[in-house]
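J.: Would you mind keeping the following structure in view while I ask a few things?
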Amino acid sequence: MNQNSAGFTLMETLLSVAIILVISSLIAIGSGTALQGASKSIKTVKTAATLTRIDRFIRTKTNAVHIPYWAAATPYIDALTAELYRSKIGTYIKSVGIIDGYLKVPLGIEVVYKVNNREMKTVALFPSVAVIDVVR
């Protein structure tokens with residue numbers, strides 16, 4: 001049997017190991033980048049879900065406020081504002097303002113809230129409003 005054809009030479013073996021190392025390092029770098037992108041995407045989705053829940057909660061609570069047309073709106077708005085601050089979203093709220101219409105009649109509320117350094121605003125209108133708010 002010929003002695004030269006029995007296996008691979010040292011150079012062939014070292015070259016194949018080097019190629020395998022280069023390929024595996026490229027795969028490792030690519031998977032690390034993919035994992036970072038995936039974790040960033042997960043954080044963005046969680047933030048979006050939280051923002052959606054907060055917006056839906058504010059709109060649901062505002063829609064439940066029925067102000068009689070003959071009554072002053074201030075007690076209703078004060079109760080709604082206090083309820084929002086006491087609720088599960090109260091820690092996110094930065095401010096609650098009143099949206100005024102013609103003759104300063106309150107039409108709804110404007111809530112500014114912050115989640116993961118993203119400041120958002122929800123404007124929600126009341127389903128019914130007072131004709132005039134004399135208490136303010």
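Letters for chains follow the order of the structure tokens (A, B, ...), residue numbers begin at 1 for each chain, and ligand numbers begin at 1 in the order shown.
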Using DSSP assignments from the backbone, pull out every residue in chain A that falls under helix (DSSP H, G or I) and give it to me as a VMD selection string.
T.: chain A and resid 3 to 5 10 to 63 74 to 86 102 to 104
J.: Residues at most 12 Å from Glu83 of chain A, counting only C-alpha atoms, excluding those fewer than 6 positions away in the same chain, as a list in words?
T.: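 Final neighbour list, sorted by chain and number: Phe57, Ile58, Lys61, Thr62, Ala64, Val65, Tyr76, Ile77, Ile89, Gly90, Ile93 and Val96 of chain A.
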J.: Taking the DSSP secondary structure from the backbone, can you list the residues of chain A that are strand (DSSP E), as number ranges by chain?
T.: A: 93-100, 106-115, 118-125
J.: For a quick check of understanding, using only C-alpha atoms, which of A:Ala38, A:Ala72, A:Val17, A:Leu51 has the smallest distance to Asn117 of chain A?
T.: A:Leu51
J.: What lies within 10 Å of Lys94 of chain A using only C-alpha atoms, ignoring chain neighbours under 6 positions off, as an NGL selection string?
T.: :A and (85 or 111-114 or 119-121)
J.: Between atom CA of Arg59 of chain A and atom CA of Tyr92 of chain A, what is the spacing in Å?
T.: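 Going from atom CA of Tyr92 of chain A over to atom CA of Arg59 of chain A, I get 15.4 Å.
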J.: Could you check which of A:Ala28, A:Thr13, A:Thr122, A:Val115 is closest to Thr91 of chain A, using only C-alpha atoms?
T.: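 Comparing A:Ala28, A:Thr13, A:Thr122, A:Val115 against Thr91 of chain A, the winner is A:Val115.
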J.: With a distance cut-off of 6 Å and only C-alpha atoms, select the neighbouring residues of Ile67 of chain A, excluding the residue or stretch itself and same-chain residues fewer than 5 positions from it, and output the selection as a list in words.
T.: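 So, after excluding close chain neighbours, the residues are Ser128, Val129 and Ala130 of chain A.
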J.: What separation in Å, quoted to one decimal, exists between atom CA of Val22 of chain A and atom CA of Lys40 of chain A?
T.: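 Atom CA of Lys40 of chain A lies 27.4 Å from atom CA of Val22 of chain A.
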J.: For Glu110 of chain A, which of A:Thr74, A:Ser87, A:Thr81, A:Ser31 is the closest residue, counting only C-alpha atoms?
T.: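 Smallest separation from Glu110 of chain A among the options: A:Thr81.
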J.: What does the distance between atom CA of Val45 of chain A and atom CA of Lys88 of chain A come to in Å, to one decimal place?
T.: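 Here the two named atoms are 19.8 Å from each other.
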